[in-house]
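What follows is my_file.cif (mmCIF, C-alpha atoms).
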```cif
data_target
#
loop_
_atom_site.label_atom_id
_atom_site.label_comp_id
_atom_site.auth_asym_id
_atom_site.auth_seq_id
_atom_site.Cartn_x
_atom_site.Cartn_y
_atom_site.Cartn_z
CA MET A 326 -36.41 -23.13 18.47
CA THR A 327 -36.83 -25.39 15.47
CA GLY A 328 -34.20 -27.94 16.38
CA VAL A 329 -32.57 -27.55 12.95
CA PRO A 330 -28.82 -26.74 12.92
CA ALA A 331 -27.86 -23.37 11.56
CA SER A 332 -25.79 -24.94 8.79
CA ALA A 333 -28.77 -26.96 7.61
CA ALA A 334 -31.00 -23.93 7.73
CA GLY A 335 -28.67 -22.07 5.39
CA GLY A 336 -26.61 -20.16 7.93
CA SER A 337 -23.25 -20.76 9.52
CA GLY A 338 -24.48 -20.46 13.07
CA ALA A 339 -22.06 -17.57 13.77
CA LYS A 340 -23.01 -13.95 13.94
CA PRO A 341 -21.30 -11.66 11.43
CA VAL A 342 -18.49 -9.59 12.85
CA ARG A 343 -19.14 -5.91 12.51
CA GLY A 344 -16.53 -4.26 10.34
CA GLY A 345 -15.03 -7.63 9.36
CA LYS A 346 -14.05 -8.61 5.85
CA LEU A 347 -16.53 -10.42 3.66
CA GLY A 348 -16.13 -14.15 3.22
CA SER A 349 -16.32 -16.13 0.01
CA ALA A 350 -20.05 -16.78 0.46
CA ALA A 351 -20.72 -13.07 0.76
CA VAL A 352 -18.57 -12.39 -2.27
CA ASN A 353 -20.68 -14.72 -4.39
CA GLN A 354 -23.79 -12.84 -3.28
CA ALA A 355 -22.27 -9.38 -3.74
CA SER A 356 -24.31 -7.44 -6.25
CA LEU A 357 -23.24 -4.98 -8.86
CA TRP A 358 -24.23 -2.12 -6.56
CA ASN A 359 -21.42 -2.48 -4.05
CA ILE A 360 -19.46 0.46 -2.66
CA ALA A 361 -16.44 -0.05 -4.93
CA ASN A 362 -18.55 -0.06 -8.11
CA LEU A 363 -20.57 2.92 -6.89
CA LEU A 364 -17.37 4.94 -6.51
CA THR A 365 -16.33 3.92 -10.02
CA MET A 366 -19.72 4.99 -11.37
CA LEU A 367 -19.38 8.31 -9.53
CA ARG A 368 -16.04 8.88 -11.23
CA LEU A 369 -17.57 8.18 -14.62
CA VAL A 370 -20.39 10.62 -13.93
CA LEU A 371 -17.90 13.28 -12.82
CA VAL A 372 -16.15 13.26 -16.20
CA PRO A 373 -18.75 15.26 -18.18
CA GLY A 374 -19.41 17.45 -15.14
CA PHE A 375 -15.71 18.22 -14.85
CA VAL A 376 -15.50 19.15 -18.54
CA LEU A 377 -18.50 21.51 -18.28
CA LEU A 378 -17.07 23.21 -15.19
CA LEU A 379 -13.61 23.62 -16.71
CA LEU A 380 -14.84 25.04 -20.01
CA HIS A 381 -17.54 27.27 -18.50
CA ASN A 382 -17.28 30.95 -19.50
CA GLY A 383 -14.56 30.18 -22.00
CA GLY A 384 -12.49 28.15 -19.57
CA TYR A 385 -10.68 31.09 -17.95
CA ASP A 386 -12.95 31.87 -15.02
CA PRO A 387 -10.95 31.20 -11.81
CA VAL A 388 -14.10 30.40 -9.82
CA TRP A 389 -15.40 27.81 -12.26
CA ARG A 390 -11.94 26.33 -12.63
CA SER A 391 -11.84 25.93 -8.86
CA PHE A 392 -15.09 23.99 -9.08
CA ALA A 393 -13.58 21.90 -11.85
CA TRP A 394 -10.54 21.24 -9.66
CA ALA A 395 -12.83 20.04 -6.86
CA ALA A 396 -14.53 17.59 -9.23
CA PHE A 397 -11.15 16.38 -10.48
CA ALA A 398 -9.90 15.94 -6.91
CA VAL A 399 -12.96 13.90 -5.94
CA ALA A 400 -12.47 11.69 -9.00
CA MET A 401 -8.80 11.07 -8.16
CA ILE A 402 -9.62 10.27 -4.51
CA THR A 403 -12.32 7.79 -5.50
CA ASP A 404 -9.76 6.18 -7.80
CA LEU A 405 -7.65 5.44 -4.72
CA PHE A 406 -10.50 4.05 -2.64
CA ASP A 407 -12.55 1.95 -5.04
CA GLY A 408 -9.73 -0.42 -5.91
CA HIS A 409 -8.65 -0.68 -2.28
CA LEU A 410 -12.17 -1.50 -1.13
CA ALA A 411 -12.69 -4.04 -3.90
CA ARG A 412 -9.50 -5.91 -3.02
CA THR A 413 -9.89 -5.67 0.76
CA TYR A 414 -13.51 -6.78 0.95
CA ASN A 415 -13.50 -9.09 -2.09
CA LEU A 416 -15.90 -6.91 -4.05
CA VAL A 417 -14.15 -7.45 -7.38
CA THR A 418 -16.70 -7.80 -10.19
CA ASP A 419 -16.49 -8.04 -13.97
CA PHE A 420 -18.03 -4.58 -14.21
CA GLY A 421 -15.35 -3.16 -11.94
CA LYS A 422 -12.55 -4.78 -13.91
CA ILE A 423 -13.76 -3.05 -17.07
CA ALA A 424 -15.18 0.21 -15.73
CA ASP A 425 -12.35 1.13 -13.34
CA PRO A 426 -9.57 1.52 -15.95
CA ILE A 427 -12.02 3.25 -18.29
CA ALA A 428 -12.93 5.77 -15.59
CA ASP A 429 -9.25 6.37 -14.82
CA LYS A 430 -8.35 7.07 -18.42
CA ALA A 431 -11.54 9.09 -19.00
CA ILE A 432 -11.00 11.65 -16.24
CA MET A 433 -7.29 12.05 -16.97
CA GLY A 434 -7.77 12.17 -20.74
CA ALA A 435 -10.60 14.71 -20.44
CA ALA A 436 -8.46 16.96 -18.26
CA LEU A 437 -5.43 16.78 -20.56
CA ILE A 438 -7.42 17.38 -23.74
CA CYS A 439 -9.31 20.31 -22.22
CA LEU A 440 -6.11 21.90 -20.91
CA SER A 441 -4.44 21.56 -24.32
CA TYR A 442 -7.58 22.92 -26.00
CA LEU A 443 -7.40 25.98 -23.73
CA GLY A 444 -3.73 26.44 -24.55
CA ASP A 445 -2.53 25.80 -21.00
CA LEU A 446 -0.72 22.57 -21.82
CA PRO A 447 1.25 21.63 -24.96
CA TRP A 448 -0.47 19.04 -27.13
CA TRP A 449 2.65 16.86 -27.23
CA VAL A 450 2.44 16.38 -23.45
CA THR A 451 -1.17 15.25 -23.80
CA GLY A 452 -0.19 12.94 -26.66
CA VAL A 453 2.69 11.32 -24.76
CA ILE A 454 0.61 10.65 -21.64
CA LEU A 455 -2.45 9.36 -23.49
CA PHE A 456 -0.34 7.20 -25.81
CA ARG A 457 1.35 5.61 -22.81
CA GLU A 458 -1.86 5.03 -20.85
CA ILE A 459 -3.81 3.54 -23.74
CA GLY A 460 -0.84 1.51 -24.94
CA ILE A 461 -0.17 -0.03 -21.53
CA THR A 462 -3.85 -0.88 -21.12
CA LEU A 463 -3.85 -2.72 -24.46
CA MET A 464 -0.59 -4.44 -23.55
CA ARG A 465 -2.12 -5.73 -20.33
CA PHE A 466 -4.80 -7.44 -22.40
CA TRP A 467 -2.05 -8.78 -24.69
CA VAL A 468 -0.33 -10.67 -21.86
CA ILE A 469 -3.28 -11.31 -19.53
CA ARG A 470 -3.58 -14.91 -20.81
CA HIS A 471 -0.05 -15.63 -19.61
CA ALA A 472 0.32 -13.40 -16.53
CA VAL A 473 -0.76 -10.15 -14.92
CA ILE A 474 1.61 -7.18 -14.95
CA PRO A 475 1.75 -6.01 -11.32
CA ALA A 476 1.54 -2.34 -10.44
CA SER A 477 5.03 -1.08 -9.68
CA ARG A 478 6.14 1.61 -7.28
CA GLY A 479 7.16 3.73 -10.25
CA GLY A 480 3.67 3.40 -11.69
CA LYS A 481 2.14 4.61 -8.44
CA MET A 482 4.54 7.56 -8.36
CA LYS A 483 3.60 8.33 -11.95
CA THR A 484 -0.10 8.36 -11.10
CA LEU A 485 0.52 10.67 -8.13
CA ALA A 486 2.68 13.02 -10.21
CA GLN A 487 0.16 13.13 -13.06
CA GLY A 488 -2.76 13.83 -10.74
CA THR A 489 -0.87 16.56 -8.90
CA ALA A 490 0.40 18.24 -12.07
CA VAL A 491 -2.96 18.15 -13.87
CA GLY A 492 -4.72 19.42 -10.76
CA MET A 493 -2.31 22.36 -10.58
CA TYR A 494 -2.91 23.13 -14.26
CA VAL A 495 -6.67 23.05 -13.75
CA LEU A 496 -6.36 25.78 -11.14
CA ALA A 497 -5.72 29.30 -12.41
CA LEU A 498 -2.29 29.64 -10.84
CA THR A 499 0.12 32.50 -11.41
CA GLY A 500 3.60 33.46 -10.30
CA PRO A 501 5.85 30.91 -8.57
CA LEU A 502 3.05 28.34 -8.38
CA ALA A 503 2.68 28.43 -12.16
CA THR A 504 6.42 27.77 -12.45
CA LEU A 505 6.18 24.96 -9.93
CA ARG A 506 3.41 23.21 -11.82
CA PHE A 507 5.59 23.24 -14.95
CA TRP A 508 8.29 21.25 -13.17
CA VAL A 509 5.78 18.90 -11.57
CA MET A 510 4.40 18.17 -15.03
CA ALA A 511 7.93 17.61 -16.32
CA VAL A 512 8.50 15.01 -13.60
CA ALA A 513 5.17 13.41 -14.47
CA VAL A 514 6.11 13.15 -18.16
CA VAL A 515 9.49 11.59 -17.35
CA LEU A 516 7.88 9.04 -15.02
CA THR A 517 5.24 8.35 -17.66
CA VAL A 518 7.86 7.48 -20.29
CA VAL A 519 10.18 5.52 -17.96
CA THR A 520 7.44 3.42 -16.39
CA GLY A 521 5.88 2.86 -19.80
CA LEU A 522 9.12 1.39 -21.14
CA ASP A 523 9.44 -0.76 -18.01
CA TYR A 524 5.91 -2.10 -18.53
CA VAL A 525 6.78 -2.97 -22.14
CA ARG A 526 9.84 -4.87 -20.95
CA GLN A 527 7.80 -6.76 -18.35
CA ALA A 528 5.10 -7.58 -20.88
CA VAL A 529 7.60 -9.02 -23.38
CA VAL A 530 9.33 -11.11 -20.69
CA LEU A 531 6.06 -12.42 -19.28
CA ARG A 532 4.72 -13.30 -22.71
CA ARG A 533 7.92 -15.18 -23.62
CA LYS A 534 7.78 -17.11 -20.35
CA GLY A 535 4.13 -17.89 -20.88
CA LEU A 536 4.70 -19.15 -24.43
CA ALA A 537 7.68 -21.23 -23.28
CA ALA A 538 5.60 -22.77 -20.49
CA GLU A 539 2.80 -23.58 -22.93
CA GLN A 540 5.24 -25.20 -25.37
CA ALA A 541 6.82 -27.25 -22.56
CA ALA A 542 3.39 -28.37 -21.36
CA GLY A 543 2.41 -29.30 -24.93
CA ALA A 544 5.62 -31.29 -25.44
CA LYS A 545 5.11 -33.08 -22.12
CA ALA A 546 1.54 -33.96 -23.03
CA THR A 547 2.66 -35.24 -26.45
CA SER A 548 5.44 -37.42 -24.95
CA GLY A 549 3.03 -38.76 -22.35
CA ALA A 550 0.53 -39.70 -25.03
CA ALA A 551 3.27 -41.41 -27.09
CA ALA A 552 4.46 -43.35 -24.04
CA GLY A 553 0.90 -44.43 -23.33
CA THR A 554 0.49 -45.65 -26.92
CA ALA A 555 3.77 -47.58 -26.73
CA ASP A 556 2.72 -49.25 -23.47
CA SER A 557 -0.61 -50.25 -24.98
CA ALA A 558 1.11 -51.72 -28.02
CA GLY A 559 3.57 -53.62 -25.81
CA ASN A 560 0.79 -55.04 -23.68
CA ALA A 561 -1.11 -56.13 -26.79
CA GLY A 562 2.00 -57.85 -28.20
CA SER A 563 2.65 -59.71 -24.95
CA GLY A 564 -0.93 -60.93 -24.88
CA THR A 565 -0.67 -62.25 -28.46
CA SER A 566 2.60 -64.10 -27.74
CA GLU A 567 1.18 -65.71 -24.63
CA GLY A 568 -1.91 -66.78 -26.56
CA THR A 569 0.19 -68.36 -29.30
CA ALA A 570 2.37 -70.20 -26.81
CA GLY A 571 -0.72 -71.52 -25.07
CA SER A 572 -2.12 -72.82 -28.35
CA GLU A 573 1.14 -74.58 -29.21
CA GLY A 574 1.27 -76.18 -25.78
CA THR A 575 -2.26 -77.45 -26.16
CA ALA A 576 -1.51 -78.90 -29.58
CA GLY A 577 1.63 -80.63 -28.27
CA SER A 578 -0.20 -82.17 -25.35
CA GLY A 579 -2.95 -83.40 -27.63
CA GLY A 580 -0.43 -85.03 -29.96
CA ALA A 581 1.37 -86.76 -27.12
CA GLY A 582 -1.88 -88.05 -25.75
CA ALA A 583 -2.88 -89.39 -29.13
CA SER A 584 0.42 -91.23 -29.48
CA GLU A 585 0.13 -92.76 -26.07
CA GLY A 586 -3.41 -93.89 -26.82
CA ALA A 587 -2.40 -95.49 -30.12
CA GLY A 588 0.32 -97.61 -28.49
CA PRO A 589 -1.97 -100.03 -26.58
CA VAL A 590 -4.27 -100.43 -29.57
CA SER A 591 -1.40 -101.44 -31.84
CA GLY A 592 -0.13 -103.83 -29.19
CA ALA A 593 -3.54 -105.42 -28.89
CA ARG A 594 -3.80 -105.95 -32.64
CA GLY A 595 -0.30 -107.52 -32.75
CA GLY A 596 -1.13 -109.94 -29.94
CA ARG A 597 -4.38 -111.05 -31.67
CA GLY A 598 -2.45 -111.74 -34.90
CA SER A 599 0.07 -113.86 -33.05
CA ALA A 600 -2.65 -115.89 -31.39
CA GLU A 601 -4.37 -116.55 -34.71
CA ALA A 602 -1.03 -117.65 -36.18
CA GLU A 603 -0.45 -120.04 -33.34
CA ARG A 604 -3.90 -121.55 -33.95
#
```

This entry written out as structure tokens:
Amino acid sequence: MTGVPASAAGGSGAKPVRGGKLGSAAVNQASLWNIANLLTMLRLVLVPGFVLLLLHNGGYDPVWRSFAWAAFAVAMITDLFDGHLARTYNLVTDFGKIADPIADKAIMGAALICLSYLGDLPWWVTGVILFREIGITLMRFWVIRHAVIPASRGGKMKTLAQGTAVGMYVLALTGPLATLRFWVMAVAVVLTVVTGLDYVRQAVVLRRKGLAAEQAAGAKATSGAAAGTADSAGNAGSGTSEGTAGSEGTAGSGGAGASEGAGPVSGARGGRGSAEAER
């Protein structure tokens, strides 16, 4: 026992709750090596491993493609968990903000390019999906100063459809399953285009609102400054008028006093002259 309160000793005096969410103090002390960032790093590391597994033995070995599918599945699952953990336990870091979208686009882009390179997927499908993903990412940075484009339900469905379709194409499927993956990919492409256009619409609306709010704030600040200048000028003018009136009053009082003082003197002189005349 030291007799020093826990708060003064640097603690809160309460024991941490096991399994509880981290507080703001813990967030400030959270290092780069938290669980969310580690999952993001794992997904980045899986990208080259996935490519090597998919293209091994010419890219047509069912066994190696199964291994590649496993790596792709792990990457997609970590994509679901790292963001959830970061938001739930306040583990959001600058590294995570940058690395997470890069890891997402890297694993999906690598899979699409490899599949098109192997001839399993048309290049135009890869182009449409990559164009949308990269374009929306750049557009987020375009409007991030004004607002954040929230993830929509359609965007989540798009991500699920893309992951499912690409995963089915990674596997060496034949027969009805090969036909099924074609239609799943078709749904994914449609959702990719539709949600992409919706994001563009949201970005334009948010940017216009942001610019309008900035212009209104600027106009308000300018009018406030002008009003402040006018008030200052009015106060200065009132002070000058009062000072002038005070000076005039002082001069008038002085003149009246002088006149009153001169009256007795003149009277005294007149009386002396009369007395001398009488003598």

Problem set entry | Chain and number of each residue from the PyMOL selection byres ((chain A and resi 485) around 12), as a VMD selection string | chain A and resid 398 401 to 402 404 to 405 433 478 to 484 486 to 492 509 to 510 512 to 514 516 to 517

Problem set entry | Neighbour list for Ala431 in chain A as a count of residues only, cut-off 12 Å, only C-alpha atoms, skip fewer than 3 positions in-chain | 28

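Across the structure, CA of Leu357 in chain A and CA of Phe420 in chain A are spaced 7.5 Å apart.
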
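Residues of protein, DNA or RNA having at least one counted atom within 12 Å of (7.8, -6.6, -22.0), given only C-alpha atoms, are Ile461, Met464, Arg465, Trp467, Val468, Ala472, Val473, Ile474, Thr520, Gly521, Leu522, Asp523, Tyr524, Val525, Arg526, Gln527, Ala528, Val529, Val530, Leu531, Arg532, Arg533, Lys534 and Gly535 of chain A.
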
For this session: Measuring atom to atom with all atoms listed in the file, identify which of A:Ala541, A:Val388, A:Leu367, A:Leu440 is nearest to Tyr494 in chain A.
Result: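 Closest candidate: A:Leu440.
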
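The gap separating CA of Phe456 in chain A from CA of Tyr385 in chain A is 27.2 Å, in Å to one decimal.
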
For this session: With a distance cut-off of 12 Å and all atoms listed in the file, select the neighbouring residues of Ile360 in chain A, excluding the residue or stretch itself and same-chain residues fewer than 6 positions from it, and output the selection as a ChimeraX atom specification.
Result: /A:366-367,403,406-418,421

Any chance you could work out the axis-aligned box around range 521-526 of chain A, listed atoms only, 6 Å on each side, giving centre and edge lengths in Å to one decimal, as lines of an AutoDock Vina configuration file?
```
center_x = 7.9
center_y = -1.0
center_z = -20.1
size_x = 16.0
size_y = 19.7
size_z = 16.1
```

Problem set entry | Nearest to Leu364 in chain A, chosen from A:Ile423, A:Glu539, A:Val399, A:Thr554, with only C-alpha atoms counted in the distances |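 Smallest distance to Leu364 in chain A is found for A:Val399.
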
Exercise. For the atom pair CA of Leu496 in chain A and CA of Ala393 in chain A, what is the interatomic distance in Å to one decimal place?
Worked result: 8.2 Å

Problem set entry | Spatial neighbours of Val518 in chain A, 9 Å, all atoms listed in the file, chain gap at least 6 places, as a ChimeraX atom specification | /A:453-454,457

Problem set entry | Of the listed residues A:Leu377, A:Ala538, A:Val515, A:Ala552, that which approaches Arg390 in chain A most closely, counting only C-alpha atoms | A:Leu377
